[in-house]
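Shown next: my_file12.txt, containing compact mmCIF, C-alpha atoms.
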# COMPACT_ATOMS: atom_id res chain seq x y z
CA MET T 960 32.06 25.40 -4.49
CA VAL T 961 28.26 25.12 -4.68
CA LYS T 962 26.85 24.32 -8.12
CA SER T 963 23.16 24.58 -8.93
CA PHE T 964 21.48 23.95 -12.27
CA ALA T 965 17.87 24.22 -13.45
CA PRO T 966 17.61 22.45 -16.83
CA THR T 967 14.45 22.65 -18.94
CA THR T 968 14.85 19.31 -20.75
CA LEU T 969 15.42 15.80 -19.46
CA ALA T 970 18.37 15.31 -21.82
CA GLU T 971 20.12 18.34 -20.34
CA ALA T 972 19.37 17.15 -16.80
CA LEU T 973 20.83 13.71 -17.49
CA LYS T 974 23.99 15.22 -18.92
CA LEU T 975 24.44 17.41 -15.84
CA ARG T 976 23.68 14.54 -13.48
CA LYS T 977 26.34 12.36 -15.11
CA ALA T 978 28.96 15.11 -15.20
CA HIS T 979 28.54 16.47 -11.68
CA GLY T 980 26.65 13.90 -9.57
CA LEU T 981 24.34 16.64 -8.31
CA THR T 982 21.71 16.19 -5.59
CA LEU T 983 18.28 15.88 -7.21
CA TYR T 984 15.85 18.61 -6.14
CA THR T 985 12.20 19.19 -7.02
CA GLY T 986 10.17 20.76 -4.22
CA GLY T 987 12.87 20.46 -1.58
CA THR T 988 10.43 19.99 1.32
CA ASP T 989 12.62 17.21 2.72
CA LEU T 990 15.99 18.50 1.54
CA MET T 991 15.54 21.96 3.06
CA VAL T 992 15.31 20.41 6.53
CA GLU T 993 18.76 18.89 6.13
CA ALA T 994 20.33 21.49 3.85
CA LYS T 995 24.13 21.37 3.63
CA GLU T 996 26.30 24.37 2.92
CA ASP T 997 28.40 22.52 0.35
CA ALA T 998 25.51 20.77 -1.44
CA SER T 999 25.11 21.18 -5.19
CA TYR T 1000 21.65 20.75 -6.65
CA LEU T 1001 19.99 19.72 -9.89
CA PHE T 1002 16.58 21.40 -9.94
CA LEU T 1003 14.04 19.33 -11.87
CA HIS T 1004 10.81 21.33 -11.56
CA LYS T 1005 11.18 23.04 -14.96
CA ILE T 1006 11.24 19.81 -17.00
CA PRO T 1007 7.81 19.27 -18.63
CA GLU T 1008 8.34 15.52 -19.17
CA LEU T 1009 8.69 14.99 -15.42
CA LYS T 1010 5.36 16.74 -14.78
CA GLU T 1011 3.18 14.54 -16.99
CA ILE T 1012 0.38 12.25 -15.82
CA LYS T 1013 -0.85 9.78 -18.42
CA GLN T 1014 -1.81 6.16 -18.90
CA ASP T 1015 -1.19 3.28 -21.26
CA ALA T 1016 -2.73 -0.19 -21.49
CA GLN T 1017 -1.05 -1.40 -18.27
CA TYR T 1018 -0.10 1.57 -16.12
CA ILE T 1019 -1.00 5.01 -14.87
CA ARG T 1020 2.26 6.92 -15.24
CA PHE T 1021 3.16 9.80 -12.92
CA GLY T 1022 6.09 12.08 -13.66
CA ALA T 1023 8.43 12.26 -10.70
CA ALA T 1024 8.20 16.06 -10.46
CA CYS T 1025 4.40 15.97 -10.08
CA THR T 1026 3.34 17.54 -6.80
CA PHE T 1027 0.90 16.00 -4.36
CA SER T 1028 -1.63 18.66 -5.39
CA ASP T 1029 -1.16 17.67 -9.04
CA LEU T 1030 -2.11 14.10 -8.12
CA ILE T 1031 -5.08 15.14 -5.99
CA ASP T 1032 -6.50 17.25 -8.83
CA HIS T 1033 -5.92 14.82 -11.71
CA PRO T 1034 -8.76 12.51 -12.88
CA LEU T 1035 -6.40 9.58 -13.56
CA THR T 1036 -5.13 9.41 -9.98
CA PRO T 1037 -6.63 6.42 -8.10
CA LYS T 1038 -8.74 7.26 -5.05
CA ILE T 1039 -6.36 5.49 -2.66
CA LEU T 1040 -3.49 7.73 -3.81
CA LYS T 1041 -5.64 10.87 -3.69
CA GLU T 1042 -6.59 10.05 -0.10
CA ALA T 1043 -2.99 9.52 0.99
CA CYS T 1044 -1.77 12.69 -0.74
CA GLY T 1045 -4.61 14.65 0.83
CA GLN T 1046 -3.29 13.78 4.29
CA ILE T 1047 0.25 14.99 3.59
CA ALA T 1048 1.14 18.07 5.63
CA ALA T 1049 -0.55 21.37 4.68
CA PRO T 1050 -1.61 22.78 1.27
CA ALA T 1051 1.62 24.75 0.93
CA ILE T 1052 3.67 21.55 1.23
CA ARG T 1053 1.33 19.60 -1.07
CA ASN T 1054 1.67 22.34 -3.68
CA ILE T 1055 5.44 22.00 -3.88
CA GLY T 1056 6.41 18.55 -2.58
CA SER T 1057 6.84 15.93 -5.30
CA ILE T 1058 6.32 12.19 -5.49
CA GLY T 1059 9.85 11.71 -6.79
CA GLY T 1060 11.18 13.48 -3.73
CA ASN T 1061 8.89 11.54 -1.42
CA ILE T 1062 10.21 8.28 -2.82
CA GLY T 1063 13.78 9.51 -3.20
CA ASN T 1064 14.00 10.55 0.43
CA GLY T 1065 14.12 6.85 1.32
CA SER T 1066 11.90 7.19 4.39
CA PRO T 1067 9.62 4.36 5.58
CA LYS T 1068 7.18 7.09 6.67
CA ALA T 1069 6.65 8.49 3.16
CA ASP T 1070 2.89 8.74 2.57
CA SER T 1071 2.74 8.38 -1.20
CA ALA T 1072 5.41 5.66 -1.19
CA LEU T 1073 3.16 3.45 0.96
CA ILE T 1074 0.50 3.55 -1.75
CA PHE T 1075 3.00 2.92 -4.52
CA MET T 1076 4.26 -0.05 -2.50
CA VAL T 1077 0.87 -1.68 -1.85
CA THR T 1078 -0.06 -1.29 -5.52
CA ASP T 1079 3.21 -2.99 -6.58
CA SER T 1080 4.24 0.06 -8.57
CA LEU T 1081 7.41 0.45 -10.62
CA VAL T 1082 9.91 3.28 -10.82
CA ARG T 1083 11.44 4.27 -14.14
CA LEU T 1084 15.05 5.29 -13.69
CA VAL T 1085 16.82 7.07 -16.54
CA CYS T 1086 20.39 8.05 -17.34
CA GLU T 1087 22.28 9.10 -20.47
CA ASP T 1088 23.01 5.48 -21.31
CA GLY T 1089 19.40 4.25 -21.12
CA GLU T 1090 16.72 3.41 -18.60
CA ARG T 1091 15.54 0.60 -16.36
CA MET T 1092 12.38 -0.34 -14.50
CA LEU T 1093 12.47 -1.48 -10.90
CA PRO T 1094 9.65 -2.63 -8.61
CA LEU T 1095 9.47 -0.10 -5.80
CA LYS T 1096 10.10 -2.91 -3.33
CA GLU T 1097 13.51 -3.49 -4.95
CA PHE T 1098 14.27 0.24 -5.15
CA TYR T 1099 14.42 0.52 -1.35
CA LEU T 1100 17.54 -1.02 0.15
CA GLY T 1101 17.16 0.43 3.66
CA ARG T 1102 16.47 3.72 5.39
CA LYS T 1103 17.84 6.50 3.16
CA LYS T 1104 19.35 3.81 0.90
CA LEU T 1105 18.14 3.47 -2.67
CA ALA T 1106 19.04 1.42 -5.73
CA LEU T 1107 19.66 4.72 -7.55
CA ARG T 1108 22.92 5.04 -9.45
CA ARG T 1109 24.99 8.21 -9.34
CA ASP T 1110 24.02 9.14 -12.92
CA GLU T 1111 20.31 8.25 -12.70
CA ILE T 1112 17.18 10.31 -12.21
CA ILE T 1113 13.77 9.06 -11.06
CA ALA T 1114 11.63 9.86 -14.10
CA GLU T 1115 8.27 8.18 -13.45
CA VAL T 1116 6.27 6.08 -11.05
CA LEU T 1117 4.01 3.52 -12.74
CA ILE T 1118 0.93 2.15 -10.96
CA PRO T 1119 -0.68 -0.98 -12.45
CA ARG T 1120 -4.23 -0.11 -13.51
CA GLN T 1121 -5.87 -3.15 -11.96
CA ASN T 1122 -6.84 -3.90 -8.33
CA LEU T 1123 -7.31 -0.27 -7.31
CA ASP T 1124 -10.97 0.00 -6.34
CA ASN T 1125 -11.47 -1.86 -3.05
CA TYR T 1126 -8.90 -0.38 -0.70
CA TYR T 1127 -8.31 0.34 2.96
CA TYR T 1128 -6.02 3.16 4.10
CA THR T 1129 -5.25 4.51 7.57
CA LYS T 1130 -2.57 6.89 8.77
CA VAL T 1131 -2.03 7.12 12.52
CA GLY T 1132 -0.33 10.33 13.68
CA ALA T 1133 0.07 12.40 16.80
CA ARG T 1134 -2.55 14.90 15.61
CA ASN T 1135 -5.16 15.33 12.90
CA ALA T 1136 -3.10 17.60 10.64
CA LEU T 1137 0.55 18.09 9.71
CA ALA T 1138 1.33 14.70 11.23
CA ILE T 1139 4.23 12.42 10.39
CA SER T 1140 3.07 8.82 10.47
CA ARG T 1141 3.47 6.83 13.64
CA VAL T 1142 2.00 3.91 11.76
CA ALA T 1143 0.44 3.79 8.31
CA PHE T 1144 -1.36 0.87 6.71
CA ALA T 1145 -2.81 0.23 3.28
CA GLY T 1146 -4.64 -2.85 2.07
CA ILE T 1147 -6.21 -3.86 -1.24
CA LEU T 1148 -8.60 -6.74 -1.79
CA ASP T 1149 -10.08 -7.66 -5.16
CA VAL T 1150 -12.96 -10.11 -4.83
CA ARG T 1151 -14.81 -11.38 -7.89
CA ASP T 1152 -17.51 -14.06 -7.93
CA GLY T 1153 -16.79 -14.76 -4.27
CA VAL T 1154 -13.09 -15.47 -4.88
CA ILE T 1155 -10.16 -13.31 -3.74
CA ARG T 1156 -8.28 -12.51 -6.93
CA HIS T 1157 -5.72 -10.23 -5.33
CA CYS T 1158 -4.68 -9.33 -1.78
CA ALA T 1159 -2.00 -6.78 -0.89
CA THR T 1160 -0.95 -5.06 2.33
CA ALA T 1161 1.78 -2.56 3.22
CA PHE T 1162 2.97 -1.04 6.50
CA GLY T 1163 4.75 2.28 6.90
CA ALA T 1164 6.76 3.76 9.79
CA VAL T 1165 7.44 0.31 11.22
CA SER T 1166 10.74 -0.89 9.80
CA ASP T 1167 13.72 0.63 7.96
CA VAL T 1168 11.68 0.26 4.78
CA ILE T 1169 7.98 0.06 4.00
CA LEU T 1170 6.89 -3.54 4.57
CA ARG T 1171 5.10 -5.32 1.73
CA PRO T 1172 4.57 -8.97 2.81
CA ALA T 1173 3.48 -10.30 -0.58
CA GLU T 1174 4.24 -13.91 0.30
CA ILE T 1175 1.85 -13.72 3.27
CA ASP T 1176 -0.88 -11.96 1.30
CA ALA T 1177 -0.63 -14.82 -1.20
CA MET T 1178 -2.15 -17.08 1.49
CA LEU T 1179 -5.53 -15.51 0.76
CA THR T 1180 -5.25 -15.12 -3.01
CA GLY T 1181 -7.35 -17.63 -4.92
CA LYS T 1182 -9.44 -18.49 -1.85
CA THR T 1183 -13.16 -18.05 -1.42
CA LEU T 1184 -14.23 -15.74 1.40
CA THR T 1185 -15.24 -18.81 3.41
CA GLN T 1186 -11.81 -20.38 2.91
CA ALA T 1187 -10.13 -17.08 3.77
CA LYS T 1188 -12.08 -16.88 7.04
CA ALA T 1189 -10.77 -20.33 7.96
CA LEU T 1190 -7.23 -19.07 7.30
CA ARG T 1191 -7.68 -15.81 9.21
CA GLN T 1192 -5.76 -16.80 12.35
CA ASP T 1193 -2.89 -18.32 10.36
CA TYR T 1194 -2.73 -15.18 8.24
CA LEU T 1195 -2.67 -12.90 11.29
CA ALA T 1196 -0.02 -15.06 12.94
CA ALA T 1197 2.17 -14.75 9.85
CA ILE T 1198 1.72 -10.96 9.78
CA ASP T 1199 2.57 -10.85 13.48
CA GLN T 1200 5.93 -12.47 12.71
CA VAL T 1201 6.98 -9.88 10.11
CA ILE T 1202 5.90 -6.83 12.10
CA VAL T 1203 9.07 -6.16 14.09
CA PRO T 1204 9.09 -2.39 14.68
CA ILE T 1205 12.42 -0.62 15.02
CA ARG T 1206 12.86 1.55 18.09
CA GLY T 1207 11.91 5.19 17.80
CA ARG T 1208 10.03 7.97 19.51
CA VAL T 1209 6.89 5.82 19.62
CA GLY T 1210 6.91 2.54 21.52
CA VAL T 1211 7.57 -0.73 19.71
CA GLU T 1212 4.67 -2.53 21.39
CA TYR T 1213 2.25 0.29 20.57
CA ARG T 1214 3.13 0.28 16.88
CA LYS T 1215 2.89 -3.49 16.60
CA ASP T 1216 -0.51 -3.54 18.31
CA VAL T 1217 -1.78 -0.80 16.01
CA CYS T 1218 -0.56 -2.66 12.91
CA LEU T 1219 -2.29 -5.87 13.92
CA ASN T 1220 -5.50 -4.05 14.85
CA LEU T 1221 -5.54 -2.35 11.45
CA VAL T 1222 -5.08 -5.67 9.66
CA ARG T 1223 -7.91 -7.19 11.68
CA ASP T 1224 -10.16 -4.29 10.73
CA PHE T 1225 -9.14 -4.63 7.07
CA LEU T 1226 -10.21 -8.28 7.18
CA ASP T 1227 -13.41 -7.47 9.09
CA VAL T 1228 -14.65 -4.87 6.64
CA ASN T 1229 -14.05 -7.32 3.80
CA GLY T 1230 -15.95 -10.14 5.47
CA ILE T 1231 -12.91 -12.27 6.35

Translate the structure described by the file into structure tokens.
Amino acid sequence: MVKSFAPTTLAEALKLRKAHGLTLYTGGTDLMVEAKEDASYLFLHKIPELKEIKQDAQYIRFGAACTFSDLIDHPLTPKILKEACGQIAAPAIRNIGSIGGNIGNGSPKADSALIFMVTDSLVRLVCEDGERMLPLKEFYLGRKKLALRRDEIIAEVLIPRQNLDNYYYTKVGARNALAISRVAFAGILDVRDGVIRHCATAFGAVSDVILRPAEIDAMLTGKTLTQAKALRQDYLAAIDQVIVPIRGRVGVEYRKDVCLNLVRDFLDVNGI
């Protein structure tokens, strides 16, 4: 028998989630495509706490039920995230689709998840017994596989407030609008006094999960631009090794070439 609930408080939602193990539902833009006749849903769009956008000393905190349009319109949203959300589908989808759903769908093609990954964001997971924080990189276990327990709800996504200004973002699709990513790339480079203080890259629609090769990006961190230029070929060679696209509707060789070209351009525009 189908059960559907639409709580108005987080406490009520957590109680229902624990008792029934319901499928979490906010905008449903992904779930509606794969709707099952026997599915039972926990609708989260009426819970004010999950719609908040705020900041503290360390993080910008986005409620999981915030829509892409909410993020685009809010002054606290970093430009890199606004740009990615602005390229998601059409206005009707952006008005209803949520970041919690985009992350919770477990797809390596998720547009907002790519930005949360490259910014080393955290997810706050809550249940009746408490809460825990996980780096987004640890939240993804594989395609459609998440480190989400049966009684937990994604409550917030937390973006660190630093290293957000100098970014590079490109989404490659089959057309200019309403496109699902064939390849997506985001890069961040923080340079102060001629020294690279932080380097981060992420690749979407390549593997079973979004790739975030932090150990390779660390090759450039702490280096001057001159030193980074000397390491450019070693860095690209290391990236080449981790870009192993899974087979899909778009050719493996094409996607790998695009990824490497985007990384080269990211380095070029930053003088490396």

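If all atoms listed in the file are the atoms counted, then among T:Val1228, T:Val1082, T:Leu1148, T:Leu983 the closest residue to Leu1117 of chain T is T:Val1082.
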
Need the neighbours of (3.6, 21.8, 1.5): which residues are at most 12 Å away, counting all atoms listed in the file, as a PyMOL selection string? chain T and resi 986-989+1026-1028+1044-1057+1061+1137

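Among the candidates T:Ile1113, T:Ala998, T:Asp1032, T:Lys1013, the one nearest to Thr985 of chain T when counting only C-alpha atoms is T:Ile1113.
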
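Taking atom CA of Pro1094 of chain T and atom CA of Ala1196 of chain T as the two end points, the separation is 26.7 Å.
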
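Proximity to Val1142 of chain T was assessed for T:Arg1214, T:Lys1104, T:Lys1188, T:Arg1091 counting all atoms listed in the file; the smallest distance is recorded for T:Arg1214.
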
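Using only C-alpha atoms, the residues found no farther than 7 Å from Lys1103 of chain T, other than those of its own chain fewer than 3 positions away, are Asn1064, Gly1065 and Ser1066 of chain T.
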
Would you mind exporting C-alpha atoms of the selected residues as an mmCIF file, in the frame of the given file?
data_model
loop_
_atom_site.group_PDB
_atom_site.id
_atom_site.type_symbol
_atom_site.label_atom_id
_atom_site.label_comp_id
_atom_site.auth_asym_id
_atom_site.auth_seq_id
_atom_site.Cartn_x
_atom_site.Cartn_y
_atom_site.Cartn_z
ATOM 1 C CA ASN T 1064 14.000 10.550 0.430
ATOM 2 C CA GLY T 1065 14.120 6.850 1.320
ATOM 3 C CA SER T 1066 11.900 7.190 4.390
#

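Atom CA of His1157 of chain T to atom CA of Ile1202 of chain T spans 21.2 Å [interatomic distance, one decimal].
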
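Take the candidates T:Asp1199, T:Glu1011, T:Asp1124, T:Glu1174 and check each one against Lys1038 of chain T using all atoms listed in the file; the shortest distance goes to T:Asp1124.
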
Between atom CA of Asn1229 of chain T and atom CA of Asp1216 of chain T, what is the distance, to one decimal in Å? 20.2 Å
